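I have placed the structure first, in the form of structure tokens, so that the comments after it can refer back to it.
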Amino acid sequence: MSSTPPPADRPRPPRTAAVIPAAGRGVRLGPGAPKALRMLGGTPMLIHAIRAMAASRAVSLVVVVAPPDGAPEVKHLLDEHALPERTDYLVVPGGETRQESVRLGLEALPEDVAVVLVHDAARPLVPVDTVDAVAAAVRDGAPAVVPALPLADTVKEVEPAAPGEPEPVLATPVRARLRAVQTPQGFDREALERAHAEVAVDGEGATDDAGMVERLGRPVVVVPGHEEAFKVTRPLDLVLAEAVLARRRANDGF
Ligand code: CTP
Ligand code: MG
């Protein structure tokens, strides 16, 4: 515990924690180390993501969900890199799916955590203002908060066919009503834990935590996301991430 403890006669205020699922392989990025451990501007993507969460004054604990056999390596990385000292850090091993990894992260939370942000390690460059806005919206009473952006492309629903085969179009949703969702997604802890207990999806699992809270029937709200909160998924995304870092360095220099 790095912060000064409150007097013994007063209970601790409820805390906000960030859970960072980082246990994926990164198959779509191509061969190499697990995605979260790949370098961006000379620093592992995971360290960028942890710093982005710890930079928010709202966040007092960061739980990193490491690749299943990679927890010792991730702990070592955290020791090697400078991180804000007012924040606590925990590392736990992850699971086979993102949903499973998030559940394992939730299980590691101490009792006094009331608000949880879930943030993909694969979104290393999210600005702190976005993190603060999500945390504030949960504290203001929304059980689930999702940062999102309008879409640039029109989206079509299709009947999936074999790779390379033409696919029949089933519908074209009105683009103005669609949003592409990002992380960190923010939750009232009780709502997210209940979602994991009651509406967990088998097989591949859910790719979106807020979707699980939706299925519980609880309200979910969208707040503005940020274009720098994009997910590093394919090789071209690494090029964009390096360019964003270079732009930040150039701006810091002037
Ligand atoms: N994730 C996780 N545990 C898993 C799978 C994914 O913690 N079993 C995490 C990833 O590390 C990532 C986030 O969930 O930070 C979003 O997932 P995605 O972008 O799909 O990453 P990967 O699953 O690693 O990539 P791919 O699907 O291309 O293999
Ligand atoms: Mg994946």
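Every chain in the structure tokens takes a letter, A first, then B, and so on in the order presented; its residues are numbered from 1, and the ligands are numbered from 1 following the presented order.
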Just want the residues within 7 Å of ligand 2, written as a PyMOL selection string, counting only C-alpha atoms and all ligand atoms. chain A and resi 24+26+98
Serialized selection, all heavy atoms, as a compact mmCIF listing (two decimals), in the first residue's frame:
# COMPACT_ATOMS: atom_id res chain seq x y z
N GLY A 24 -3.53 -12.63 -24.05
CA GLY A 24 -3.72 -13.14 -25.41
C GLY A 24 -2.40 -13.40 -26.13
O GLY A 24 -1.36 -12.84 -25.75
N GLY A 26 -2.05 -12.87 -29.55
CA GLY A 26 -1.85 -11.93 -30.65
C GLY A 26 -1.67 -12.64 -31.97
O GLY A 26 -0.78 -12.28 -32.75
N ARG A 98 -10.53 -14.23 -23.41
CA ARG A 98 -10.50 -12.92 -22.75
C ARG A 98 -11.47 -12.89 -21.58
O ARG A 98 -11.16 -12.38 -20.50
CB ARG A 98 -10.83 -11.82 -23.76
CG ARG A 98 -10.73 -10.41 -23.18
CD ARG A 98 -11.17 -9.37 -24.20
NE ARG A 98 -11.04 -8.01 -23.68
CZ ARG A 98 -11.86 -7.45 -22.81
NH1 ARG A 98 -12.90 -8.14 -22.34
NH2 ARG A 98 -11.67 -6.21 -22.40
Taking a cut-off of 12 Å and counting only C-alpha atoms, can you build a table that, for each residue of stretch 27-63 of chain A near stretch 81-94 of chain A, reports the nearest atom pair and how far apart they are in Å (one decimal), sorted by chain then residue number, as a Markdown table?
| residue | atom | partner | partner_atom | distance |
| --- | --- | --- | --- | --- |
| A:Gly42 | CA | A:His81 | CA | 11.7 |
| A:Thr43 | CA | A:His81 | CA | 8.9 |
| A:Pro44 | CA | A:His81 | CA | 9.7 |
| A:Leu46 | CA | A:His81 | CA | 10.9 |
| A:Ile47 | CA | A:His81 | CA | 7.6 |
| A:His48 | CA | A:Leu83 | CA | 10.0 |
| A:Ala49 | CA | A:Leu83 | CA | 11.2 |
| A:Ile50 | CA | A:Leu83 | CA | 8.2 |
| A:Arg51 | CA | A:Leu83 | CA | 6.5 |
| A:Ala52 | CA | A:Leu83 | CA | 10.1 |
| A:Met53 | CA | A:Thr87 | CA | 9.7 |
| A:Ala54 | CA | A:Thr87 | CA | 6.4 |
| A:Ala55 | CA | A:Pro84 | CA | 7.3 |
| A:Ser56 | CA | A:Thr87 | CA | 9.7 |
| A:Arg57 | CA | A:Thr87 | CA | 9.0 |
| A:Ala58 | CA | A:Thr87 | CA | 10.0 |
| A:Val59 | CA | A:Thr87 | CA | 7.2 |
| A:Ser60 | CA | A:Thr87 | CA | 4.7 |
| A:Leu61 | CA | A:Asp88 | CA | 4.6 |
| A:Val62 | CA | A:Tyr89 | CA | 4.9 |
| A:Val63 | CA | A:Leu90 | CA | 4.7 |
Keeping C-alpha atoms for every residue in the selection just given, could you write it to a file as a PDB file, in the first residue's frame?
ATOM      1  CA  GLY A  42      11.319   0.521 -27.158  1.00  0.00           C
ATOM      2  CA  THR A  43       8.872  -0.233 -24.294  1.00  0.00           C
ATOM      3  CA  PRO A  44       6.550  -3.270 -24.003  1.00  0.00           C
ATOM      4  CA  LEU A  46       1.778  -3.740 -21.636  1.00  0.00           C
ATOM      5  CA  ILE A  47       3.891  -1.119 -19.817  1.00  0.00           C
ATOM      6  CA  HIS A  48       2.309   1.628 -21.950  1.00  0.00           C
ATOM      7  CA  ALA A  49      -1.151   0.278 -21.051  1.00  0.00           C
ATOM      8  CA  ILE A  50      -0.333   0.064 -17.318  1.00  0.00           C
ATOM      9  CA  ARG A  51       1.037   3.624 -17.343  1.00  0.00           C
ATOM     10  CA  ALA A  52      -2.114   4.851 -19.104  1.00  0.00           C
ATOM     11  CA  MET A  53      -4.278   3.412 -16.292  1.00  0.00           C
ATOM     12  CA  ALA A  54      -1.986   4.448 -13.422  1.00  0.00           C
ATOM     13  CA  ALA A  55      -1.832   7.984 -14.821  1.00  0.00           C
ATOM     14  CA  SER A  56      -5.463   8.440 -13.791  1.00  0.00           C
ATOM     15  CA  ARG A  57      -5.777   9.808 -10.247  1.00  0.00           C
ATOM     16  CA  ALA A  58      -8.992   7.781  -9.974  1.00  0.00           C
ATOM     17  CA  VAL A  59      -7.106   4.461 -10.248  1.00  0.00           C
ATOM     18  CA  SER A  60      -5.377   3.230  -7.074  1.00  0.00           C
ATOM     19  CA  LEU A  61      -4.803  -0.432  -8.063  1.00  0.00           C
ATOM     20  CA  VAL A  62      -3.846  -2.071 -11.370  1.00  0.00           C
ATOM     21  CA  VAL A  63      -4.364  -5.832 -11.786  1.00  0.00           C
TER      22      VAL A  63
END
From a backbone DSSP assignment, name each residue in stretch 36-124 of chain A labelled alpha helix (DSSP H), as a VMD selection string. chain A and resid 45 to 54 71 to 80 98 to 107
Exercise for the section: Please check which protein, DNA or RNA residues sit within 6 Å of ligand 1, counting only C-alpha atoms and all ligand atoms, and write them as a ChimeraX atom specification. Expected result: /A:21-29,35-36,94-98,101,120-122,233
Please, which residues in stretch 48-136 of chain A fall within 12 Å of stretch 147-157 of chain A when counting only C-alpha atoms, and what is the closest atom pair and distance in Å to one decimal for each, ordered by chain then residue number, as CSV?
residue,atom,partner,partner_atom,distance
A:Leu117,CA,A:Pro147,CA,11.3
A:Val118,CA,A:Pro147,CA,11.5
A:His119,CA,A:Pro147,CA,11.0
A:Val126,CA,A:Pro147,CA,10.6
A:Pro127,CA,A:Pro147,CA,11.8
A:Asp129,CA,A:Pro147,CA,11.3
A:Thr130,CA,A:Pro147,CA,7.6
A:Val131,CA,A:Pro147,CA,9.0
A:Asp132,CA,A:Pro147,CA,11.1
A:Ala133,CA,A:Pro147,CA,8.8
A:Val134,CA,A:Pro147,CA,7.0
A:Ala135,CA,A:Pro147,CA,10.7
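The two atoms in question, atom CA of A:Pro34 and atom CA of A:Arg234, are spaced 13.3 Å apart.
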Backbone DSSP call of strand (DSSP E or B) for stretch 114-254 of chain A, listed as an MDAnalysis selection string
chainID A and resid 114:118 144:150 157:158 169:171 179:181 185:188 221:224
- request: May I have the residues within 10 Å of A:Ala191 as a ChimeraX atom specification, using only C-alpha atoms and disregarding those fewer than 5 positions away in the same chain?
  value: /A:115-116,143-144,196-197,210,212-214,216,218
Filtering to N, CA and C atoms, could you give me those residues as a compact mmCIF listing (two decimals), in the first residue's frame?
# COMPACT_ATOMS: atom_id res chain seq x y z
N VAL A 115 -15.37 0.15 -7.87
CA VAL A 115 -15.47 0.50 -9.30
C VAL A 115 -14.32 -0.19 -10.03
N VAL A 116 -14.64 -0.84 -11.16
CA VAL A 116 -13.63 -1.57 -11.92
C VAL A 116 -13.58 -1.05 -13.35
N PRO A 143 -24.06 1.97 -14.10
CA PRO A 143 -23.47 0.66 -13.75
C PRO A 143 -22.44 0.18 -14.77
N ALA A 144 -22.55 0.65 -16.03
CA ALA A 144 -21.59 0.23 -17.06
C ALA A 144 -21.39 1.37 -18.05
N HIS A 196 -20.46 -11.86 -14.89
CA HIS A 196 -19.57 -13.00 -15.08
C HIS A 196 -20.15 -14.26 -14.46
N ALA A 197 -20.87 -14.12 -13.35
CA ALA A 197 -21.44 -15.29 -12.69
C ALA A 197 -22.66 -15.81 -13.42
N ALA A 210 -19.09 -5.03 -21.45
CA ALA A 210 -20.35 -4.31 -21.31
C ALA A 210 -21.51 -5.12 -21.91
N MET A 212 -21.99 -8.19 -21.65
CA MET A 212 -22.47 -9.13 -20.63
C MET A 212 -23.39 -8.42 -19.64
N VAL A 213 -23.04 -7.18 -19.27
CA VAL A 213 -23.90 -6.42 -18.35
C VAL A 213 -25.23 -6.10 -19.04
N GLU A 214 -25.17 -5.81 -20.36
CA GLU A 214 -26.42 -5.59 -21.13
C GLU A 214 -27.33 -6.80 -21.02
N LEU A 216 -27.59 -8.81 -18.72
CA LEU A 216 -28.21 -8.85 -17.38
C LEU A 216 -29.44 -7.97 -17.32
N ARG A 218 -29.10 -4.60 -17.29
CA ARG A 218 -28.72 -3.34 -16.64
C ARG A 218 -28.40 -2.29 -17.72
Among A:Glu193, A:Asp237, A:Glu227, A:Asp252, A:Val102 is approached most closely, using only C-alpha atoms, by A:Glu193
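Between A:Glu228 and the candidates A:Thr207, A:Thr172, A:Gln182, A:Thr16, the tightest atom-to-atom separation, counting only C-alpha atoms, involves A:Gln182.
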